[in-house]
$ cat data.cif   # mmCIF, C-alpha atoms and all ligand atoms
data_coords
#
loop_
_atom_site.group_PDB
_atom_site.id
_atom_site.type_symbol
_atom_site.label_atom_id
_atom_site.label_comp_id
_atom_site.auth_asym_id
_atom_site.auth_seq_id
_atom_site.Cartn_x
_atom_site.Cartn_y
_atom_site.Cartn_z
ATOM 1 C CA MET A 1 17.386 7.386 41.016
ATOM 2 C CA ILE A 2 18.923 3.911 41.361
ATOM 3 C CA LYS A 3 18.163 0.725 39.404
ATOM 4 C CA LYS A 4 14.980 -0.881 40.700
ATOM 5 C CA ASN A 5 15.434 -4.173 42.547
ATOM 6 C CA LEU A 6 13.286 -6.823 44.221
ATOM 7 C CA GLN A 7 13.415 -5.063 47.578
ATOM 8 C CA TYR A 8 11.989 -1.931 45.932
ATOM 9 C CA LEU A 9 9.221 -3.908 44.193
ATOM 10 C CA LEU A 10 8.303 -5.576 47.488
ATOM 11 C CA SER A 11 8.193 -2.181 49.201
ATOM 12 C CA LEU A 12 5.625 -1.023 46.613
ATOM 13 C CA LYS A 13 3.366 -3.975 47.510
ATOM 14 C CA LYS A 14 3.741 -3.221 51.226
ATOM 15 C CA GLU A 15 2.888 0.443 50.680
ATOM 16 C CA ASN A 16 -0.044 -0.417 48.401
ATOM 17 C CA ILE A 17 1.500 1.387 45.418
ATOM 18 C CA LEU A 18 0.771 -0.222 42.041
ATOM 19 C CA ILE A 19 3.732 -1.924 40.339
ATOM 20 C CA THR A 20 3.776 -1.036 36.623
ATOM 21 C CA SER A 21 5.120 -3.327 33.947
ATOM 22 C CA VAL A 22 5.179 -3.560 30.154
ATOM 23 C CA THR A 23 6.858 -5.860 27.683
ATOM 24 C CA SER A 24 9.598 -4.636 25.347
ATOM 25 C CA TYR A 25 11.622 -6.393 22.687
ATOM 26 C CA ASP A 26 14.089 -3.730 21.517
ATOM 27 C CA ALA A 27 16.271 -0.948 22.909
ATOM 28 C CA SER A 28 14.085 1.956 21.685
ATOM 29 C CA PHE A 29 10.786 0.810 23.228
ATOM 30 C CA ALA A 30 12.664 -0.248 26.376
ATOM 31 C CA LYS A 31 14.154 3.251 26.640
ATOM 32 C CA LEU A 32 10.711 4.806 26.112
ATOM 33 C CA ALA A 33 9.189 2.677 28.883
ATOM 34 C CA ASP A 34 12.165 3.270 31.174
ATOM 35 C CA ASP A 35 12.043 7.038 30.582
ATOM 36 C CA CYS A 36 8.326 6.946 31.460
ATOM 37 C CA GLY A 37 9.184 5.365 34.819
ATOM 38 C CA VAL A 38 7.917 1.802 34.390
ATOM 39 C CA ASP A 39 8.985 -0.509 37.246
ATOM 40 C CA ILE A 40 9.440 -3.794 35.342
ATOM 41 C CA ILE A 41 10.182 -4.536 31.691
ATOM 42 C CA LEU A 42 9.450 -8.064 30.486
ATOM 43 C CA VAL A 43 10.979 -9.584 27.376
ATOM 44 C CA GLY A 44 7.933 -11.801 26.949
ATOM 45 C CA ASP A 45 7.622 -14.763 24.655
ATOM 46 C CA SER A 46 4.698 -12.755 23.278
ATOM 47 C CA LEU A 47 7.479 -11.703 20.887
ATOM 48 C CA GLY A 48 6.485 -14.836 18.941
ATOM 49 C CA GLU A 49 3.249 -13.060 18.043
ATOM 50 C CA VAL A 50 4.124 -9.379 17.954
ATOM 51 C CA ILE A 51 7.647 -9.604 16.496
ATOM 52 C CA LYS A 52 7.725 -12.880 14.569
ATOM 53 C CA GLY A 53 4.099 -12.690 13.419
ATOM 54 C CA ALA A 54 3.232 -16.220 14.594
ATOM 55 C CA LYS A 55 -0.199 -17.331 15.877
ATOM 56 C CA ASN A 56 1.145 -18.081 19.355
ATOM 57 C CA THR A 57 4.270 -18.049 21.516
ATOM 58 C CA HIS A 58 5.271 -21.670 20.885
ATOM 59 C CA SER A 59 8.026 -21.153 18.302
ATOM 60 C CA VAL A 60 10.093 -18.747 20.429
ATOM 61 C CA THR A 61 13.603 -20.019 21.193
ATOM 62 C CA VAL A 62 16.141 -19.321 23.916
ATOM 63 C CA ASP A 63 18.307 -17.602 21.289
ATOM 64 C CA ASP A 64 15.360 -15.301 20.400
ATOM 65 C CA ILE A 65 14.949 -14.377 24.066
ATOM 66 C CA CYS A 66 18.696 -13.791 24.548
ATOM 67 C CA TYR A 67 18.890 -11.609 21.413
ATOM 68 C CA HIS A 68 15.931 -9.427 22.432
ATOM 69 C CA THR A 69 16.961 -9.292 26.108
ATOM 70 C CA LYS A 70 20.400 -7.993 25.153
ATOM 71 C CA SER A 71 18.809 -5.266 22.996
ATOM 72 C CA VAL A 72 16.295 -4.322 25.717
ATOM 73 C CA SER A 73 18.992 -4.190 28.393
ATOM 74 C CA LYS A 74 20.726 -1.472 26.377
ATOM 75 C CA GLY A 75 17.630 0.759 26.655
ATOM 76 C CA ILE A 76 17.171 0.367 30.417
ATOM 77 C CA LYS A 77 18.639 2.490 33.192
ATOM 78 C CA TYR A 78 16.211 1.934 36.063
ATOM 79 C CA ALA A 79 13.591 -0.729 35.330
ATOM 80 C CA TYR A 80 13.873 -4.310 36.620
ATOM 81 C CA LEU A 81 14.402 -6.653 33.659
ATOM 82 C CA ILE A 82 12.644 -10.034 33.410
ATOM 83 C CA SER A 83 12.818 -12.449 30.466
ATOM 84 C CA ASP A 84 10.628 -15.417 29.633
ATOM 85 C CA MET A 85 11.826 -19.012 29.538
ATOM 86 C CA PRO A 86 10.305 -20.185 26.229
ATOM 87 C CA LYS A 87 8.235 -23.363 25.780
ATOM 88 C CA HIS A 88 10.463 -26.488 25.681
ATOM 89 C CA SER A 89 13.364 -24.653 27.360
ATOM 90 C CA PHE A 90 12.813 -26.210 30.823
ATOM 91 C CA ARG A 91 11.950 -29.878 30.219
ATOM 92 C CA THR A 92 14.600 -31.073 32.718
ATOM 93 C CA LYS A 93 16.363 -29.410 35.644
ATOM 94 C CA ARG A 94 19.654 -29.451 33.783
ATOM 95 C CA GLN A 95 18.231 -27.950 30.580
ATOM 96 C CA ALA A 96 16.305 -25.308 32.565
ATOM 97 C CA LEU A 97 19.386 -24.216 34.498
ATOM 98 C CA SER A 98 21.627 -24.026 31.456
ATOM 99 C CA ASN A 99 19.023 -21.943 29.564
ATOM 100 C CA ALA A 100 18.302 -19.678 32.549
ATOM 101 C CA ILE A 101 22.038 -19.010 32.902
ATOM 102 C CA LYS A 102 22.215 -18.117 29.190
ATOM 103 C CA ILE A 103 19.294 -15.676 29.504
ATOM 104 C CA THR A 104 20.551 -13.997 32.674
ATOM 105 C CA GLU A 105 24.282 -13.981 31.897
ATOM 106 C CA LYS A 106 24.359 -13.526 28.115
ATOM 107 C CA GLY A 107 21.045 -11.668 27.852
ATOM 108 C CA LEU A 108 21.591 -9.700 31.065
ATOM 109 C CA ALA A 109 18.109 -10.275 32.531
ATOM 110 C CA ASP A 110 17.696 -9.747 36.295
ATOM 111 C CA MET A 111 15.154 -12.583 36.529
ATOM 112 C CA ILE A 112 13.504 -15.258 34.406
ATOM 113 C CA LYS A 113 9.744 -15.921 34.194
ATOM 114 C CA ILE A 114 8.615 -19.499 33.823
ATOM 115 C CA GLU A 115 5.175 -20.927 32.891
ATOM 116 C CA SER A 116 5.715 -23.993 35.074
ATOM 117 C CA THR A 117 2.885 -26.292 36.132
ATOM 118 C CA PRO A 118 2.545 -27.434 39.776
ATOM 119 C CA LYS A 119 4.204 -30.711 38.682
ATOM 120 C CA GLN A 120 7.351 -28.807 37.626
ATOM 121 C CA LEU A 121 8.068 -27.327 41.037
ATOM 122 C CA ASP A 122 11.334 -29.289 41.281
ATOM 123 C CA ILE A 123 12.585 -27.355 38.235
ATOM 124 C CA VAL A 124 11.663 -24.017 39.813
ATOM 125 C CA LYS A 125 13.409 -25.037 43.061
ATOM 126 C CA HIS A 126 16.496 -26.161 41.134
ATOM 127 C CA LEU A 127 16.784 -22.735 39.463
ATOM 128 C CA ILE A 128 16.374 -20.917 42.773
ATOM 129 C CA ASN A 129 18.915 -23.182 44.524
ATOM 130 C CA ASN A 130 21.349 -22.173 41.793
ATOM 131 C CA ASN A 131 20.884 -18.437 42.384
ATOM 132 C CA ILE A 132 18.490 -17.707 39.517
ATOM 133 C CA GLU A 133 15.759 -15.192 40.452
ATOM 134 C CA VAL A 134 12.398 -16.609 39.331
ATOM 135 C CA CYS A 135 9.008 -15.091 38.483
ATOM 136 C CA GLY A 136 6.114 -17.577 38.365
ATOM 137 C CA HIS A 137 3.165 -17.424 35.937
ATOM 138 C CA ILE A 138 -0.241 -18.734 37.024
ATOM 139 C CA GLY A 139 -3.693 -18.801 35.424
ATOM 140 C CA ILE A 140 -3.750 -18.980 31.655
ATOM 141 C CA GLN A 141 -0.354 -20.209 30.476
ATOM 142 C CA PRO A 142 -0.179 -19.476 26.726
ATOM 143 C CA GLN A 143 2.652 -22.011 26.299
ATOM 144 C CA ASN A 144 0.359 -24.816 27.450
ATOM 145 C CA ILE A 145 -2.827 -24.089 25.497
ATOM 146 C CA ASN A 146 -3.909 -22.874 22.095
ATOM 147 C CA LYS A 147 -5.441 -19.427 21.756
ATOM 148 C CA LYS A 148 -8.979 -20.697 21.170
ATOM 149 C CA SER A 149 -9.108 -22.116 24.690
ATOM 150 C CA TYR A 150 -8.322 -18.784 26.385
ATOM 151 C CA ARG A 151 -10.932 -18.187 29.092
ATOM 152 C CA LYS A 152 -11.211 -16.570 32.490
ATOM 153 C CA ILE A 153 -10.203 -19.063 35.161
ATOM 154 C CA GLY A 154 -10.693 -19.146 38.924
ATOM 155 C CA ILE A 155 -14.411 -18.364 38.814
ATOM 156 C CA THR A 156 -15.396 -21.564 40.630
ATOM 157 C CA THR A 157 -14.269 -22.130 44.236
ATOM 158 C CA ARG A 158 -12.458 -25.286 43.186
ATOM 159 C CA GLU A 159 -10.449 -23.562 40.436
ATOM 160 C CA CYS A 160 -9.657 -20.583 42.664
ATOM 161 C CA LYS A 161 -8.424 -22.917 45.422
ATOM 162 C CA SER A 162 -6.153 -24.700 42.973
ATOM 163 C CA LEU A 163 -4.738 -21.397 41.629
ATOM 164 C CA THR A 164 -4.145 -20.219 45.206
ATOM 165 C CA ARG A 165 -2.352 -23.487 45.999
ATOM 166 C CA HIS A 166 -0.177 -23.064 42.899
ATOM 167 C CA ALA A 167 0.732 -19.487 43.889
ATOM 168 C CA LEU A 168 1.588 -20.499 47.471
ATOM 169 C CA MET A 169 3.712 -23.425 46.257
ATOM 170 C CA LEU A 170 5.693 -21.028 44.048
ATOM 171 C CA GLN A 171 6.129 -18.530 46.895
ATOM 172 C CA ASP A 172 7.251 -21.282 49.307
ATOM 173 C CA SER A 173 9.819 -22.431 46.729
ATOM 174 C CA GLY A 174 11.439 -18.983 46.740
ATOM 175 C CA VAL A 175 9.802 -17.341 43.714
ATOM 176 C CA LYS A 176 9.854 -13.535 44.228
ATOM 177 C CA LEU A 177 7.109 -12.355 41.830
ATOM 178 C CA ILE A 178 4.122 -14.006 40.161
ATOM 179 C CA VAL A 179 2.276 -13.019 36.975
ATOM 180 C CA ALA A 180 -1.463 -13.841 37.029
ATOM 181 C CA GLU A 181 -2.999 -14.115 33.551
ATOM 182 C CA CYS A 182 -6.747 -14.119 32.881
ATOM 183 C CA ILE A 183 -7.799 -14.945 36.438
ATOM 184 C CA ASP A 184 -11.223 -13.981 37.799
ATOM 185 C CA LYS A 185 -10.830 -10.620 39.564
ATOM 186 C CA ARG A 186 -12.188 -11.831 42.926
ATOM 187 C CA CYS A 187 -9.873 -14.814 42.904
ATOM 188 C CA ALA A 188 -6.861 -12.672 41.867
ATOM 189 C CA GLU A 189 -7.613 -10.228 44.697
ATOM 190 C CA LYS A 190 -7.781 -13.108 47.175
ATOM 191 C CA ILE A 191 -4.449 -14.504 45.981
ATOM 192 C CA SER A 192 -2.722 -11.124 46.098
ATOM 193 C CA ASN A 193 -3.963 -10.622 49.694
ATOM 194 C CA ILE A 194 -2.645 -14.038 50.759
ATOM 195 C CA LEU A 195 0.767 -13.717 49.063
ATOM 196 C CA LYS A 196 3.707 -11.926 50.687
ATOM 197 C CA ILE A 197 5.287 -11.439 47.241
ATOM 198 C CA PRO A 198 3.808 -9.181 44.503
ATOM 199 C CA LEU A 199 1.142 -10.535 42.143
ATOM 200 C CA ILE A 200 1.269 -8.808 38.742
ATOM 201 C CA GLY A 201 -1.985 -9.143 36.810
ATOM 202 C CA ILE A 202 -2.946 -9.170 33.156
ATOM 203 C CA GLY A 203 -6.656 -9.595 32.466
ATOM 204 C CA SER A 204 -7.066 -10.370 36.194
ATOM 205 C CA GLY A 205 -8.864 -7.291 37.524
ATOM 206 C CA SER A 206 -7.547 -4.166 39.204
ATOM 207 C CA LYS A 207 -6.792 -5.522 42.664
ATOM 208 C CA CYS A 208 -3.450 -7.209 41.931
ATOM 209 C CA ASP A 209 -0.277 -5.598 43.311
ATOM 210 C CA GLY A 210 0.833 -4.702 39.799
ATOM 211 C CA GLN A 211 -0.333 -4.671 36.189
ATOM 212 C CA ILE A 212 1.507 -5.840 33.086
ATOM 213 C CA ARG A 213 0.629 -5.190 29.427
ATOM 214 C CA VAL A 214 2.128 -6.126 26.086
ATOM 215 C CA ILE A 215 3.448 -2.719 24.977
ATOM 216 C CA TYR A 216 2.089 -3.046 21.424
ATOM 217 C CA ASP A 217 -1.421 -3.643 22.858
ATOM 218 C CA ILE A 218 -1.199 -0.237 24.591
ATOM 219 C CA PHE A 219 -0.484 1.405 21.224
ATOM 220 C CA ASN A 220 -3.058 -0.873 19.565
ATOM 221 C CA ILE A 221 -0.565 -2.130 16.973
ATOM 222 C CA SER A 222 -0.286 -5.816 17.975
ATOM 223 C CA PHE A 223 -0.018 -8.056 14.933
ATOM 224 C CA ASN A 224 -2.799 -10.453 16.010
ATOM 225 C CA GLY A 225 -5.088 -7.706 17.364
ATOM 226 C CA LYS A 226 -5.853 -6.699 20.930
ATOM 227 C CA PRO A 227 -6.797 -9.199 23.627
ATOM 228 C CA GLY A 228 -10.454 -9.101 24.706
ATOM 229 C CA PHE A 229 -9.653 -8.248 28.310
ATOM 230 C CA LEU A 230 -8.158 -4.836 27.523
ATOM 231 C CA LYS A 231 -10.622 -2.160 28.536
ATOM 232 C CA ASP A 232 -11.988 -0.086 25.661
ATOM 233 C CA GLN A 233 -10.350 3.123 26.795
ATOM 234 C CA GLU A 234 -7.021 1.280 27.040
ATOM 235 C CA SER A 235 -7.119 -0.030 23.535
ATOM 236 C CA GLN A 236 -9.214 2.003 21.118
ATOM 237 C CA LYS A 237 -6.788 4.753 20.262
ATOM 238 C CA ASN A 238 -3.980 4.199 17.813
ATOM 239 C CA PRO A 239 -1.569 7.085 18.479
ATOM 240 C CA LEU A 240 1.343 5.678 16.472
ATOM 241 C CA LYS A 241 -0.853 5.251 13.389
ATOM 242 C CA ASP A 242 -2.082 8.834 13.741
ATOM 243 C CA ILE A 243 1.500 10.111 13.987
ATOM 244 C CA LEU A 244 2.599 8.094 10.935
ATOM 245 C CA ILE A 245 -0.389 9.187 8.823
ATOM 246 C CA GLY A 246 0.320 12.823 9.751
ATOM 247 C CA TYR A 247 3.982 12.399 8.905
ATOM 248 C CA LEU A 248 3.266 10.753 5.537
ATOM 249 C CA LYS A 249 0.831 13.563 4.684
ATOM 250 C CA SER A 250 3.399 16.228 5.560
ATOM 251 C CA MET A 251 6.026 14.395 3.474
ATOM 252 C CA LYS A 252 3.701 14.466 0.447
ATOM 253 C CA ASN A 253 2.876 18.141 0.977
ATOM 254 C CA ASN A 254 6.544 19.053 1.181
ATOM 255 C CA ILE A 255 7.517 17.449 -2.123
ATOM 256 C CA ASN A 256 7.817 20.053 -4.904
HETATM 257 O O1 LIG A 301 4.896 -13.055 27.037
HETATM 258 C C1 LIG A 301 4.277 -12.121 27.580
HETATM 259 O O2 LIG A 301 4.177 -11.013 27.074
HETATM 260 C C2 LIG A 301 3.679 -12.388 28.893
HETATM 261 C C3 LIG A 301 2.724 -11.373 29.414
HETATM 262 C C4 LIG A 301 1.437 -11.525 28.712
HETATM 263 C C5 LIG A 301 2.572 -11.444 30.853
HETATM 264 O O3 LIG A 301 3.930 -13.393 29.482
#

$ encode --input "data.cif" --output "structure tokens" --more "lines below"
Ligand code: KIV
Amino acid sequence: MIKKNLQYLLSLKKENILITSVTSYDASFAKLADDCGVDIILVGDSLGEVIKGAKNTHSVTVDDICYHTKSVSKGIKYAYLISDMPKHSFRTKRQALSNAIKITEKGLADMIKIESTPKQLDIVKHLINNNIEVCGHIGIQPQNINKKSYRKIGITTRECKSLTRHALMLQDSGVKLIVAECIDKRCAEKISNILKIPLIGIGSGSKCDGQIRVIYDIFNISFNGKPGFLKDQESQKNPLKDILIGYLKSMKNNIN
């Protein structure tokens, strides 16, 4: 097998094969996901919550992302590696480019993901013109809201039209992947049908080209609890806890 690239991910969309993606923040979980055949690993700024124990992603720094990306890159043989641009790391074109270079060159990410608004398209274009591969992020952008205002968006025709416009603007600027967070499933399906590039959903229904999950949510060990949109069967079991309890019991039984 060879390392997965953008051409491969695009071929999955064309062939209607689901693109799989999880977050990772360290070499061991990255290796686990890679060994299991995941297509994309994201060093998400969700690390603010699941690693640093904060209430949201807002305190994550470029140095945090570089540190975790370097660790994750050591665990990967085949998966495509994307890292988040944290909040406040792309206020100007110059700042965005210098931080994206740090994350891709020092951290070794293949691509950066950016929670840009439609007004920040010039920043996205500047990165692409300087040979940075970019993943967009539409729908709920956790960097731009607080957790209490999480809600499904794109239910009304007006909102869905504006999300579609945002996605098309990103695609026309040269973005190669887009993450869709907490978008109404009908709207997400419509966007994924219109786009030529893959749409990777989280909390956006099953009709996106790919799905992404925070890896600790899959094991049900996320510090701030599981997000409401995870289906029950996806999130009720706690296999790591069961393994640890079993191990602790056997340790006690073996002490003489
Ligand atoms: O930071 C993150 O983990 C993300 C995913 C929720 C898509 O952006």

$ resolve_selection --input "data.cif" --expression "the PyMOL selection byres (((chain A and resi 204-212) around 7) and not hetatm)" --output "ChimeraX atom specification"
/A:13,18-22,180-185,188-189,192,198-203,213

$ resolve_selection --input "data.cif" --expression "the PyMOL selection byres (((chain A and resi 150) around 12) and not hetatm)" --output "PyMOL selection string"
chain A and resi 56+139-149+151-153+181-183+203+227-229

$ atom_distance --input "data.cif" --atom1 "atom CA of A:Asp26" --atom2 "atom CA of A:Val134"
22.0 Å

$ residues_near_ligand --input "data.cif" --ligand "ligand LIG 301 (chain A)" --cutoff "6 Å" --atoms "all atoms listed in the file" --output "number ranges by chain"
A: 23, 44-46, 214

$ atom_distance --input "data.cif" --atom1 "atom CA of A:Leu230" --atom2 "atom CA of A:Glu115"
21.6 Å

$ decode --input "data.cif" --residues "stretch 92-168 of chain A" --atoms "C-alpha atoms" --output "JSON list (two decimals), in the first residue's frame"
[["chain", "number", "residue", "atom", "x", "y", "z"],
["A", 92, "THR", "CA", -3.86, 38.35, 8.38],
["A", 93, "LYS", "CA", -2.57, 36.75, 5.18],
["A", 94, "ARG", "CA", 1.00, 37.05, 6.39],
["A", 95, "GLN", "CA", 0.31, 35.52, 9.81],
["A", 96, "ALA", "CA", -1.76, 32.72, 8.25],
["A", 97, "LEU", "CA", 0.97, 31.79, 5.78],
["A", 98, "SER", "CA", 3.75, 31.82, 8.34],
["A", 99, "ASN", "CA", 1.70, 29.60, 10.71],
["A", 100, "ALA", "CA", 0.59, 27.23, 7.93],
["A", 101, "ILE", "CA", 4.23, 26.81, 6.89],
["A", 102, "LYS", "CA", 5.17, 26.01, 10.50],
["A", 103, "ILE", "CA", 2.42, 23.37, 10.77],
["A", 104, "THR", "CA", 3.17, 21.72, 7.43],
["A", 105, "GLU", "CA", 6.97, 21.97, 7.49],
["A", 106, "LYS", "CA", 7.79, 21.60, 11.19],
["A", 107, "GLY", "CA", 4.72, 19.53, 12.09],
["A", 108, "LEU", "CA", 4.79, 17.53, 8.85],
["A", 109, "ALA", "CA", 1.06, 17.84, 8.06],
["A", 110, "ASP", "CA", -0.01, 17.21, 4.44],
["A", 111, "MET", "CA", -2.74, 19.86, 4.67],
["A", 112, "ILE", "CA", -4.15, 22.46, 7.05],
["A", 113, "LYS", "CA", -7.84, 22.88, 7.96],
["A", 114, "ILE", "CA", -9.13, 26.38, 8.51],
["A", 115, "GLU", "CA", -12.42, 27.59, 10.06],
["A", 116, "SER", "CA", -12.51, 30.64, 7.79],
["A", 117, "THR", "CA", -15.65, 32.72, 7.27],
["A", 118, "PRO", "CA", -16.74, 33.76, 3.74],
["A", 119, "LYS", "CA", -15.14, 37.17, 4.48],
["A", 120, "GLN", "CA", -11.73, 35.50, 4.94],
["A", 121, "LEU", "CA", -11.56, 34.00, 1.47],
["A", 122, "ASP", "CA", -8.54, 36.17, 0.60],
["A", 123, "ILE", "CA", -6.61, 34.39, 3.37],
["A", 124, "VAL", "CA", -7.58, 30.97, 2.02],
["A", 125, "LYS", "CA", -6.55, 32.03, -1.51],
["A", 126, "HIS", "CA", -3.24, 33.40, -0.21],
["A", 127, "LEU", "CA", -2.40, 30.04, 1.40],
["A", 128, "ILE", "CA", -3.30, 28.13, -1.75],
["A", 129, "ASN", "CA", -1.30, 30.52, -3.97],
["A", 130, "ASN", "CA", 1.67, 29.74, -1.74],
["A", 131, "ASN", "CA", 1.36, 25.97, -2.20],
["A", 132, "ILE", "CA", -0.39, 25.14, 1.07],
["A", 133, "GLU", "CA", -3.07, 22.42, 0.69],
["A", 134, "VAL", "CA", -6.25, 23.64, 2.41],
["A", 135, "CYS", "CA", -9.31, 21.91, 3.89],
["A", 136, "GLY", "CA", -12.29, 24.20, 4.53],
["A", 137, "HIS", "CA", -14.72, 23.90, 7.48],
["A", 138, "ILE", "CA", -18.35, 24.95, 7.04],
["A", 139, "GLY", "CA", -21.43, 24.82, 9.26],
["A", 140, "ILE", "CA", -20.80, 25.08, 12.97],
["A", 141, "GLN", "CA", -17.33, 26.55, 13.48],
["A", 142, "PRO", "CA", -16.41, 25.91, 17.14],
["A", 143, "GLN", "CA", -13.73, 28.64, 17.00],
["A", 144, "ASN", "CA", -16.39, 31.26, 16.28],
["A", 145, "ILE", "CA", -19.09, 30.36, 18.81],
["A", 146, "ASN", "CA", -19.43, 29.15, 22.36],
["A", 147, "LYS", "CA", -20.63, 25.61, 23.01],
["A", 148, "LYS", "CA", -24.07, 26.65, 24.24],
["A", 149, "SER", "CA", -24.96, 27.99, 20.80],
["A", 150, "TYR", "CA", -24.27, 24.68, 19.01],
["A", 151, "ARG", "CA", -27.30, 23.85, 16.85],
["A", 152, "LYS", "CA", -28.09, 22.15, 13.58],
["A", 153, "ILE", "CA", -27.78, 24.65, 10.75],
["A", 154, "GLY", "CA", -28.97, 24.62, 7.14],
["A", 155, "ILE", "CA", -32.54, 23.59, 7.96],
["A", 156, "THR", "CA", -34.07, 26.68, 6.34],
["A", 157, "THR", "CA", -33.68, 27.25, 2.58],
["A", 158, "ARG", "CA", -31.93, 30.54, 3.24],
["A", 159, "GLU", "CA", -29.33, 29.01, 5.58],
["A", 160, "CYS", "CA", -28.76, 26.05, 3.26],
["A", 161, "LYS", "CA", -28.23, 28.40, 0.30],
["A", 162, "SER", "CA", -25.67, 30.38, 2.27],
["A", 163, "LEU", "CA", -23.80, 27.21, 3.35],
["A", 164, "THR", "CA", -23.81, 26.00, -0.27],
["A", 165, "ARG", "CA", -22.43, 29.37, -1.41],
["A", 166, "HIS", "CA", -19.69, 29.15, 1.23],
["A", 167, "ALA", "CA", -18.74, 25.63, 0.11],
["A", 168, "LEU", "CA", -18.64, 26.62, -3.58]]
